[in-house]
>>> print(open('structure_19.txt').read())   # compact mmCIF, C-alpha atoms
# COMPACT_ATOMS: atom_id res chain seq x y z
CA MET A 1 89.05 68.81 145.11
CA ARG A 2 91.04 68.40 141.92
CA ALA A 3 88.12 67.41 139.76
CA THR A 4 86.12 70.46 140.72
CA ARG A 5 88.78 73.03 139.90
CA PRO A 6 87.84 75.56 137.25
CA PRO A 7 89.83 76.01 134.01
CA VAL A 8 93.41 77.03 134.78
CA THR A 9 93.10 80.37 133.05
CA ASP A 10 90.47 82.80 134.19
CA LEU A 11 89.43 84.87 131.18
CA GLU A 12 87.26 87.13 133.28
CA GLY A 13 89.77 87.48 136.10
CA PRO A 14 90.98 90.57 137.91
CA HIS A 15 94.31 90.75 136.08
CA ALA A 16 95.42 91.28 132.52
CA GLN A 17 98.96 91.33 131.22
CA CYS A 18 100.36 94.01 128.94
CA HIS A 19 101.46 92.46 125.63
CA VAL A 20 104.35 94.84 125.29
CA CYS A 21 105.96 95.42 128.69
CA ASN A 22 104.52 92.36 130.52
CA LEU A 23 103.15 94.42 133.40
CA VAL A 24 100.32 92.69 135.25
CA VAL A 25 97.51 95.20 135.48
CA ALA A 26 94.48 95.07 137.76
CA VAL A 27 91.39 95.29 135.57
CA PRO A 28 87.64 95.15 136.16
CA ARG A 29 86.14 91.68 135.86
CA GLY A 30 84.66 90.70 132.54
CA PRO A 31 85.52 92.00 129.06
CA ILE A 32 87.79 95.03 128.99
CA HIS A 33 87.76 97.84 126.47
CA GLY A 34 89.73 101.02 126.04
CA LEU A 35 92.21 100.44 128.85
CA SER A 36 95.87 101.17 128.35
CA CYS A 37 98.93 100.02 130.24
CA PRO A 38 99.85 102.50 133.00
CA ARG A 39 103.54 101.76 132.44
CA CYS A 40 104.02 101.76 128.67
CA ARG A 41 100.73 103.24 127.43
CA THR A 42 99.93 100.37 125.02
CA GLY A 43 96.36 99.15 124.80
CA ILE A 44 95.54 96.34 127.24
CA HIS A 45 93.82 93.21 125.95
CA ARG A 46 93.28 89.92 127.70
CA ARG A 47 94.26 88.18 124.46
CA LYS A 48 95.73 89.36 121.17
CA PRO A 49 92.71 90.78 119.29
CA ASN A 50 91.26 88.47 116.59
CA SER A 51 94.22 86.18 117.04
CA LEU A 52 92.79 83.10 115.34
CA SER A 53 91.22 84.77 112.32
CA ARG A 54 94.36 86.78 111.67
CA THR A 55 96.53 83.68 112.02
CA TRP A 56 94.32 81.73 109.60
CA ALA A 57 94.25 84.53 107.04
CA LEU A 58 98.04 84.90 107.07
CA LEU A 59 98.55 81.13 106.94
CA ILE A 60 96.28 80.74 103.91
CA ALA A 61 98.09 83.58 102.15
CA ALA A 62 101.45 81.94 102.99
CA ALA A 63 100.30 78.55 101.69
CA ILE A 64 99.15 80.15 98.42
CA CYS A 65 102.47 81.97 97.95
CA TYR A 66 104.37 78.79 98.74
CA VAL A 67 103.42 77.26 95.36
CA PRO A 68 104.85 79.95 93.03
CA ALA A 69 107.79 80.35 95.44
CA ASN A 70 108.87 76.82 94.58
CA ILE A 71 107.76 76.59 90.95
CA TYR A 72 109.23 79.85 89.65
CA PRO A 73 112.97 80.45 89.56
CA VAL A 74 114.38 82.72 92.26
CA MET A 75 117.30 83.80 90.09
CA GLU A 76 118.81 83.56 86.65
CA VAL A 77 122.53 83.10 86.16
CA THR A 78 124.25 84.11 82.94
CA THR A 79 127.77 82.82 82.32
CA LEU A 80 129.44 83.46 78.94
CA GLY A 81 126.09 84.00 77.29
CA ALA A 82 124.49 80.81 78.64
CA ARG A 83 121.45 81.39 80.85
CA GLN A 84 120.37 79.14 83.65
CA ALA A 85 117.37 79.61 85.92
CA ASP A 86 117.53 78.37 89.51
CA THR A 87 114.60 77.49 91.73
CA ILE A 88 114.90 77.11 95.50
CA LEU A 89 115.23 73.34 95.18
CA SER A 90 117.69 73.34 92.26
CA GLY A 91 119.84 75.73 94.29
CA VAL A 92 120.00 73.18 97.09
CA ILE A 93 120.83 70.38 94.66
CA TYR A 94 123.59 72.50 93.13
CA LEU A 95 125.12 73.01 96.56
CA ALA A 96 124.91 69.32 97.40
CA VAL A 97 126.65 68.35 94.16
CA ASN A 98 129.19 71.15 93.72
CA GLY A 99 129.49 72.73 97.11
CA THR A 100 129.89 71.37 100.55
CA TRP A 101 127.49 69.00 102.25
CA PRO A 102 127.02 70.83 105.54
CA LEU A 103 126.05 73.99 103.69
CA ALA A 104 123.60 72.11 101.47
CA VAL A 105 121.97 70.66 104.58
CA ILE A 106 121.68 74.11 106.21
CA VAL A 107 120.09 75.60 103.11
CA PHE A 108 117.78 72.59 102.63
CA VAL A 109 116.56 72.83 106.21
CA ALA A 110 116.25 76.63 106.15
CA SER A 111 114.48 77.02 102.84
CA VAL A 112 112.60 73.76 102.29
CA VAL A 113 111.95 72.12 105.66
CA VAL A 114 111.37 75.20 107.83
CA PRO A 115 108.68 76.93 105.72
CA VAL A 116 106.66 73.72 105.33
CA LEU A 117 107.01 72.74 109.00
CA LYS A 118 106.10 76.25 110.04
CA ILE A 119 102.88 76.31 108.05
CA VAL A 120 101.96 72.77 109.17
CA ALA A 121 102.75 73.50 112.82
CA LEU A 122 100.73 76.72 112.88
CA VAL A 123 97.78 75.05 111.13
CA PHE A 124 97.98 72.32 113.76
CA LEU A 125 98.13 74.82 116.65
CA ALA A 126 95.27 76.95 115.33
CA THR A 127 93.13 73.85 114.68
CA SER A 128 93.84 72.43 118.14
CA VAL A 129 92.77 75.70 119.75
CA GLN A 130 89.68 75.88 117.58
CA LEU A 131 88.71 72.34 118.65
CA ALA A 132 89.37 73.13 122.33
CA SER A 133 91.91 70.30 122.44
CA GLN A 134 93.16 69.05 125.81
CA TRP A 135 96.09 67.27 124.19
CA ARG A 136 99.52 67.99 125.74
CA PRO A 137 99.31 71.78 126.11
CA ARG A 138 102.88 71.98 127.37
CA ASP A 139 104.24 70.38 124.22
CA ARG A 140 102.07 72.57 122.04
CA ALA A 141 103.42 75.62 123.89
CA ARG A 142 106.94 74.38 123.20
CA LEU A 143 106.12 73.80 119.53
CA TYR A 144 104.94 77.39 119.29
CA ARG A 145 108.19 78.69 120.76
CA VAL A 146 110.21 76.64 118.26
CA VAL A 147 108.16 77.93 115.33
CA GLU A 148 108.61 81.47 116.56
CA THR A 149 112.41 81.28 116.81
CA VAL A 150 113.21 79.15 113.78
CA GLY A 151 111.15 81.02 111.16
CA ARG A 152 113.64 83.79 110.46
CA TRP A 153 116.23 81.35 109.11
CA SER A 154 114.22 80.83 105.93
CA MET A 155 115.48 84.22 104.80
CA VAL A 156 118.86 82.64 103.94
CA ASP A 157 117.88 82.03 100.33
CA ILE A 158 116.69 85.59 99.80
CA TYR A 159 120.05 86.80 101.07
CA VAL A 160 122.00 84.42 98.84
CA VAL A 161 120.16 85.82 95.82
CA THR A 162 120.74 89.38 97.08
CA ILE A 163 124.48 88.87 97.48
CA LEU A 164 124.86 87.12 94.11
CA VAL A 165 122.92 89.88 92.37
CA ALA A 166 125.11 92.52 94.01
CA LEU A 167 128.41 90.78 93.27
CA VAL A 168 127.92 89.37 89.80
CA HIS A 169 127.04 91.92 87.18
CA LEU A 170 129.65 91.74 84.45
CA GLY A 171 127.21 91.80 81.52
CA SER A 172 127.26 88.72 79.28
CA LEU A 173 130.47 87.45 80.88
CA ALA A 174 128.71 86.74 84.13
CA SER A 175 125.61 88.17 85.74
CA VAL A 176 122.88 87.17 88.15
CA GLU A 177 119.36 88.54 88.22
CA ALA A 178 116.60 88.00 90.76
CA ARG A 179 113.43 86.40 89.42
CA VAL A 180 109.83 86.45 90.55
CA GLY A 181 110.20 83.31 92.72
CA ALA A 182 112.27 85.39 95.14
CA PHE A 183 109.30 87.71 95.64
CA TYR A 184 106.96 84.84 96.50
CA PHE A 185 109.53 83.15 98.70
CA GLY A 186 110.09 86.38 100.62
CA ALA A 187 106.32 86.69 100.95
CA VAL A 188 106.11 83.18 102.46
CA VAL A 189 108.76 84.06 105.06
CA VAL A 190 107.12 87.37 106.02
CA LEU A 191 103.58 85.93 106.08
CA THR A 192 104.55 82.96 108.26
CA MET A 193 106.45 85.27 110.63
CA LEU A 194 103.38 87.50 110.91
CA ALA A 195 101.15 84.44 111.37
CA ALA A 196 103.32 83.22 114.25
CA GLU A 197 103.23 86.69 115.76
CA SER A 198 99.42 86.87 115.49
CA PHE A 199 98.86 83.53 117.17
CA ASP A 200 98.32 83.92 120.90
CA PRO A 201 99.85 80.91 122.72
CA ARG A 202 97.69 81.67 125.75
CA LEU A 203 94.69 80.41 123.78
CA ILE A 204 96.17 76.91 124.20
CA TRP A 205 95.76 77.25 127.96
CA ASP A 206 92.38 78.88 128.02
CA GLN A 207 90.67 75.57 127.36
CA GLN A 208 92.71 73.44 129.72
CA VAL A 209 90.77 72.02 132.62
CA GLU A 210 93.52 71.21 135.17
CA ASP A 211 95.99 69.05 133.26
CA GLY A 212 98.46 66.58 134.69
CA HIS A 213 101.14 69.22 135.26
CA PRO A 214 101.31 71.28 138.40
CA ALA A 215 99.64 74.59 137.74
CA VAL A 216 101.60 77.66 138.74
CA ARG A 217 100.61 78.94 142.16
CA ASP A 218 97.99 81.25 140.81
CA VAL A 219 97.55 84.34 142.94
CA ARG A 220 94.11 84.96 141.54
CA GLN A 221 93.00 81.50 142.61
CA GLU A 222 94.61 81.99 145.97
CA ALA A 223 92.84 85.32 146.49
CA ALA A 224 89.53 83.68 145.66
CA ASP A 225 90.27 80.89 148.15
CA THR A 226 91.17 83.38 150.88
CA GLN A 227 88.03 85.30 150.22
CA ALA A 228 85.96 82.11 150.44
CA ALA A 229 87.72 81.17 153.69
CA ALA A 230 87.05 84.61 155.12
CA GLY A 231 83.36 83.95 154.90
CA GLY A 232 82.42 84.84 151.36
CA ASP A 233 82.74 88.58 151.84
CA ASP A 234 81.44 90.10 148.61
CA GLY A 235 83.30 93.41 148.84
CA GLY A 236 85.18 94.48 145.71
CA MET B 1 106.24 91.30 145.90
CA PRO B 2 104.87 92.55 142.58
CA LEU B 3 102.88 90.20 140.38
CA ILE B 4 104.33 88.96 137.15
CA GLY B 5 102.59 87.14 134.36
CA CYS B 6 103.72 84.43 131.96
CA HIS B 7 103.79 85.82 128.45
CA ASP B 8 103.08 82.38 126.97
CA CYS B 9 100.22 81.05 129.12
CA ASP B 10 98.98 83.97 131.24
CA ALA B 11 99.69 82.35 134.61
CA VAL B 12 100.07 85.08 137.25
CA VAL B 13 102.55 84.62 140.09
CA GLU B 14 104.30 86.64 142.72
CA GLU B 15 107.70 87.61 141.41
CA PRO B 16 110.23 85.06 142.67
CA ASP B 17 113.65 86.18 143.84
CA VAL B 18 116.05 85.21 141.09
CA PRO B 19 119.83 85.63 141.37
CA SER B 20 121.55 87.73 138.72
CA GLY B 21 122.19 85.68 135.59
CA GLY B 22 119.37 83.28 136.41
CA SER B 23 115.98 83.00 134.84
CA ALA B 24 112.50 82.12 136.08
CA ILE B 25 110.65 79.39 134.21
CA CYS B 26 106.88 79.08 134.19
CA LEU B 27 105.88 75.87 135.95
CA ARG B 28 102.79 75.50 133.85
CA CYS B 29 103.98 75.96 130.27
CA GLY B 30 107.79 75.90 130.56
CA GLY B 31 108.17 79.37 129.02
CA THR B 32 110.75 81.83 130.33
CA LEU B 33 109.10 84.33 132.66
CA PHE B 34 112.14 86.61 132.75
CA ARG B 35 115.91 86.58 132.96
CA ARG B 36 117.31 88.53 135.87
CA GLN B 37 120.39 90.58 135.11
CA ARG B 38 121.21 93.14 137.77
CA ALA B 39 123.75 95.20 135.83
CA THR B 40 121.65 94.91 132.70
CA VAL B 41 121.76 98.60 131.78
CA GLU B 42 125.56 98.82 132.04
CA ILE B 43 126.35 95.52 130.27
CA THR B 44 123.87 96.03 127.46
CA LEU B 45 124.90 99.66 127.06
CA ALA B 46 128.57 98.66 126.70
CA LEU B 47 127.85 95.90 124.20
CA THR B 48 125.44 98.04 122.20
CA THR B 49 127.98 100.87 121.99
CA ALA B 50 130.48 98.40 120.55
CA ALA B 51 127.80 97.12 118.19
CA ALA B 52 127.02 100.66 117.01
CA ILE B 53 130.67 101.30 116.09
CA LEU B 54 130.92 97.97 114.27
CA PHE B 55 127.63 98.65 112.47
CA VAL B 56 128.99 101.93 111.10
CA VAL B 57 132.18 100.19 109.95
CA ALA B 58 130.15 97.34 108.41
CA ASN B 59 128.16 99.85 106.37
CA ALA B 60 130.93 102.25 105.42
CA TYR B 61 133.62 99.90 104.13
CA PRO B 62 133.67 97.39 101.24
CA PHE B 63 132.00 94.15 102.12
CA LEU B 64 133.04 91.66 99.46
CA SER B 65 135.01 92.04 96.24
CA PHE B 66 134.43 89.82 93.26
CA GLU B 67 137.22 89.29 90.77
CA MET B 68 136.75 87.59 87.45
CA GLN B 69 139.11 87.80 84.47
CA GLY B 70 140.56 91.08 85.62
CA GLN B 71 137.22 92.74 86.30
CA VAL B 72 136.50 93.67 89.88
CA THR B 73 133.15 94.39 91.56
CA ARG B 74 133.22 95.89 95.03
CA THR B 75 130.12 95.76 97.18
CA THR B 76 128.99 97.28 100.44
CA LEU B 77 126.25 96.06 102.74
CA ALA B 78 123.71 98.21 100.90
CA SER B 79 124.76 97.04 97.41
CA GLY B 80 122.37 94.11 97.47
CA THR B 81 119.38 96.33 98.16
CA VAL B 82 120.46 98.74 95.43
CA ALA B 83 121.02 95.97 92.86
CA LEU B 84 117.63 94.38 93.58
CA TRP B 85 115.94 97.77 93.33
CA GLU B 86 117.61 98.53 89.99
CA GLY B 87 116.66 95.08 88.73
CA GLY B 88 113.01 95.91 89.38
CA ARG B 89 112.55 93.64 92.44
CA LEU B 90 111.26 96.46 94.60
CA ALA B 91 109.47 94.42 97.27
CA VAL B 92 112.43 92.09 97.77
CA ALA B 93 114.77 95.10 97.90
CA VAL B 94 112.63 96.68 100.61
CA LEU B 95 112.53 93.42 102.59
CA VAL B 96 116.31 93.05 102.45
CA PHE B 97 116.84 96.71 103.39
CA LEU B 98 114.43 96.36 106.30
CA THR B 99 115.93 93.19 107.74
CA THR B 100 119.65 93.83 107.23
CA ILE B 101 119.96 97.59 107.62
CA LEU B 102 116.93 99.44 108.98
CA ALA B 103 115.82 97.04 111.74
CA PRO B 104 119.36 96.52 113.12
CA ALA B 105 120.07 100.27 112.90
CA LEU B 106 116.87 101.09 114.78
CA GLN B 107 117.48 98.34 117.32
CA ILE B 108 121.00 99.58 118.08
CA SER B 109 120.31 103.32 118.06
CA LEU B 110 117.08 103.13 120.06
CA LEU B 111 118.72 100.88 122.66
CA LEU B 112 121.47 103.47 123.08
CA TYR B 113 118.87 106.24 123.24
CA VAL B 114 116.96 104.46 126.00
CA LEU B 115 119.80 102.96 128.04
CA ALA B 116 122.35 105.80 128.14
CA PRO B 117 119.94 108.22 129.88
CA VAL B 118 118.82 105.46 132.27
CA HIS B 119 122.45 104.92 133.22
CA PHE B 120 122.87 108.63 133.96
CA HIS B 121 119.47 108.82 135.70
CA HIS B 122 118.04 111.34 133.24
CA PRO B 123 115.14 109.65 131.51
CA ALA B 124 115.00 110.59 127.84
CA PRO B 125 111.83 112.00 126.29
CA PHE B 126 109.79 109.32 124.47
CA ALA B 127 111.90 106.57 126.07
CA VAL B 128 108.75 104.44 126.40
CA GLU B 129 107.96 104.66 122.69
CA ALA B 130 111.61 104.08 121.77
CA PHE B 131 111.87 100.95 123.91
CA ARG B 132 108.62 99.63 122.46
CA TRP B 133 110.21 99.91 119.03
CA VAL B 134 113.36 98.09 120.21
CA GLU B 135 111.19 95.08 121.03
CA ARG B 136 109.22 95.46 117.80
CA CYS B 137 112.36 95.55 115.63
CA ARG B 138 114.00 92.53 117.19
CA PRO B 139 112.32 89.74 115.18
CA TRP B 140 112.99 91.64 111.93
CA SER B 141 116.67 92.21 112.52
CA MET B 142 118.26 89.27 110.71
CA MET B 143 121.97 89.97 110.41
CA GLU B 144 122.98 86.50 111.58
CA VAL B 145 120.86 84.93 108.84
CA PHE B 146 122.51 87.29 106.35
CA LEU B 147 125.92 86.01 107.46
CA ILE B 148 124.93 82.44 106.57
CA GLY B 149 123.67 83.79 103.25
CA ILE B 150 127.13 85.27 102.60
CA LEU B 151 128.73 81.93 103.34
CA VAL B 152 126.47 80.11 100.89
CA ALA B 153 126.95 82.76 98.20
CA VAL B 154 130.74 82.62 98.55
CA VAL B 155 130.73 78.82 98.21
CA LYS B 156 128.54 79.08 95.13
CA LEU B 157 130.90 81.56 93.49
CA SER B 158 134.19 80.09 94.64
CA ASP B 159 134.84 77.98 91.53
CA MET B 160 133.86 80.82 89.21
CA ALA B 161 135.80 83.75 90.59
CA ASP B 162 137.96 85.11 93.41
CA ILE B 163 136.06 86.47 96.37
CA VAL B 164 137.96 88.86 98.61
CA PRO B 165 136.43 89.67 102.00
CA GLY B 166 136.53 93.34 102.93
CA LEU B 167 136.94 95.10 106.27
CA ALA B 168 133.16 95.41 106.61
CA LEU B 169 132.73 91.64 106.57
CA TRP B 170 134.97 91.23 109.62
CA ALA B 171 133.13 94.03 111.41
CA PHE B 172 129.87 92.34 110.52
CA GLY B 173 131.07 88.98 111.81
CA LEU B 174 132.08 90.57 115.13
CA LEU B 175 128.92 92.63 115.35
CA ILE B 176 126.58 89.64 115.38
CA PRO B 177 127.80 87.90 118.57
CA ILE B 178 128.20 91.28 120.33
CA LEU B 179 124.66 92.39 119.54
CA ALA B 180 123.33 88.93 120.43
CA GLY B 181 125.13 89.28 123.77
CA GLY B 182 123.64 92.72 124.31
CA THR B 183 120.17 91.31 123.67
CA ALA B 184 120.75 88.29 125.92
CA PHE B 185 121.86 90.51 128.81
CA LEU B 186 118.90 92.83 128.39
CA ASP B 187 116.52 92.51 131.33
CA ALA B 188 113.53 94.33 129.84
CA GLU B 189 111.61 94.35 133.13
CA ILE B 190 114.31 96.40 134.88
CA VAL B 191 114.41 98.89 132.00
CA TRP B 192 110.61 99.20 131.95
CA ARG B 193 110.64 99.93 135.67
CA GLU B 194 113.16 102.71 135.10
CA ILE B 195 111.52 104.41 132.15
CA GLY B 196 107.85 103.55 132.65
CA ASP B 197 105.18 105.92 133.86
CA LEU B 198 104.79 103.99 137.12
CA ASP B 199 106.82 104.71 140.23
>>> encode(input="structure_19.txt", output="structure tokens")
Amino acid sequence: MRATRPPVTDLEGPHAQCHVCNLVVAVPRGPIHGLSCPRCRTGIHRRKPNSLSRTWALLIAAAICYVPANIYPVMEVTTLGARQADTILSGVIYLAVNGTWPLAVIVFVASVVVPVLKIVALVFLATSVQLASQWRPRDRARLYRVVETVGRWSMVDIYVVTILVALVHLGSLASVEARVGAFYFGAVVVLTMLAAESFDPRLIWDQQVEDGHPAVRDVRQEAADTQAAAGGDDGG
Amino acid sequence: MPLIGCHDCDAVVEEPDVPSGGSAICLRCGGTLFRRQRATVEITLALTTAAAILFVVANAYPFLSFEMQGQVTRTTLASGTVALWEGGRLAVAVLVFLTTILAPALQISLLLYVLAPVHFHHPAPFAVEAFRWVERCRPWSMMEVFLIGILVAVVKLSDMADIVPGLALWAFGLLIPILAGGTAFLDAEIVWREIGDLD
């Protein structure tokens, strides 16, 4: 029995789920167009439209912005006439040397580790879906959830620059100015957040042919079974 | 029993009976199907009202003061956006404004707009659109990240000048756990059933 089961997700099935309010809506079999959710009036799609191409486009843009974000300084500090430019990485080093260790670790993770891991993880997820991978869908689903929640923390560095710029403007005595690196770094954070939002985690499951985990008691499957048991009645 | 779907993997199941405070986990992908919170409207409404008051205080009063050789700079929450804008970093200024002021303000005010009428059983006009925007604003409301940013900035400046926290900073610090609580107690499914077009 097990070997003959169809893929766990039925892309043509009689139900689609609203992306916004999560209502399960009965839909005609096959591709659906122009339907909207009866509860919240948003358009109904079986999957996020153009999920993979949008994710790839945003990821490529993020990867391109990542380079100037790290090369160019994010801010310039002037103290008693001496100017010093700070990049993301030199800011972390400054904290590690002059500040407190725990804070340096937080900033290092938030602004160096998280953006890289996020881009790598999303590239991995998009590639695995593109190759119809059967590899550990549950863990890939978990990876997606982590990427989705952790991404926002990269904004820390933008906020540090913002607060310094707001607080320190005493002319040549002491002042801080934002530099172009901040723009690119902000772009990386926004683009990776949008990329994560565009990726549809359900694509991971669309290609799974009964994995080792117990599938959820799927009502659609059950209905099909009942119908088969009732003698293959073809009525809609 | 109505059908519910898993947002992460599209499994469709009959809605299980979940006690208040519990959550249903998808057996297939491990994602959270929903968190059941029976008094969701009342709890979230109370916490969001508190958050709204604190948000006003956080924006109206001085946030941090910076003292160096007798010169004092006072800032408010919006000062950062203004300073970035004046320094020509328009895009960054917009991003900071969006994530620390506009998105939280929309999130709080729209939640109040949707939940208060639900509590009094008088559905507000455009409640559906408003609640859609609450969900849309959530990922872009980053006040807790901003708080860590303040901490880092204060440490960076501490050997250079005196930093004096203002009333707004305390309000801000209180606001974050209260709004997080309000969001955690929000059972969106129950609210959708109240305000949605279905009966």
>>> closest_atom_pairs(input="structure_19.txt", of="chain B", to="chain A", cutoff="6 Å", atoms="all atoms listed in the file", output="JSON lines")
{"residue": "B:Ile4", "atom": "CA", "partner": "A:Val24", "partner_atom": "CA", "distance": 5.8}
{"residue": "B:Asp8", "atom": "CA", "partner": "A:Pro201", "partner_atom": "CA", "distance": 5.5}
{"residue": "B:Cys9", "atom": "CA", "partner": "A:Arg202", "partner_atom": "CA", "distance": 4.3}
{"residue": "B:Val12", "atom": "CA", "partner": "A:Asp218", "partner_atom": "CA", "distance": 5.6}
{"residue": "B:Val13", "atom": "CA", "partner": "A:Asp218", "partner_atom": "CA", "distance": 5.7}
{"residue": "B:Leu27", "atom": "CA", "partner": "A:Val216", "partner_atom": "CA", "distance": 5.4}
{"residue": "B:Arg28", "atom": "CA", "partner": "A:Ala215", "partner_atom": "CA", "distance": 5.1}
{"residue": "B:Cys29", "atom": "CA", "partner": "A:Arg138", "partner_atom": "CA", "distance": 5.0}
{"residue": "B:Ser79", "atom": "CA", "partner": "A:Ala166", "partner_atom": "CA", "distance": 5.7}
{"residue": "B:Gly80", "atom": "CA", "partner": "A:Ala166", "partner_atom": "CA", "distance": 4.7}
{"residue": "B:Ala83", "atom": "CA", "partner": "A:Ala166", "partner_atom": "CA", "distance": 5.5}
{"residue": "B:Val92", "atom": "CA", "partner": "A:Phe183", "partner_atom": "CA", "distance": 5.8}
{"residue": "B:Val128", "atom": "CA", "partner": "A:Cys40", "partner_atom": "CA", "distance": 5.9}
{"residue": "B:Val145", "atom": "CA", "partner": "A:Val156", "partner_atom": "CA", "distance": 5.8}
{"residue": "B:Phe146", "atom": "CA", "partner": "A:Tyr159", "partner_atom": "CA", "distance": 5.8}
{"residue": "B:Gly149", "atom": "CA", "partner": "A:Val160", "partner_atom": "CA", "distance": 4.8}
{"residue": "B:Ala153", "atom": "CA", "partner": "A:Val160", "partner_atom": "CA", "distance": 5.3}
{"residue": "B:Gly196", "atom": "CA", "partner": "A:Arg39", "partner_atom": "CA", "distance": 4.7}
{"residue": "B:Asp197", "atom": "CA", "partner": "A:Arg39", "partner_atom": "CA", "distance": 4.7}
{"residue": "B:Leu198", "atom": "CA", "partner": "A:Arg39", "partner_atom": "CA", "distance": 5.3}
>>> closest_residue(input="structure_19.txt", among="A:Leu131, A:Ala195, A:Leu117, A:Leu80", to="Ser172 (chain A)", atoms="all atoms listed in the file")
A:Leu80
>>> atom_distance(input="structure_19.txt", atom1="CA of His122 (chain B)", atom2="CA of Thr183 (chain B)")
22.3 Å
>>> residues_around(input="structure_19.txt", residues="Val18 (chain B)", least_positions_apart="2", cutoff="12 Å", atoms="all atoms listed in the file", output="ChimeraX atom specification")
/B:14-16,20-25,33-38
>>> residues_around(input="structure_19.txt", residues="Ala78 (chain B)", least_positions_apart="5", cutoff="8 Å", atoms="all atoms listed in the file", output="VMD selection string")
chain B and resid 59 97 101
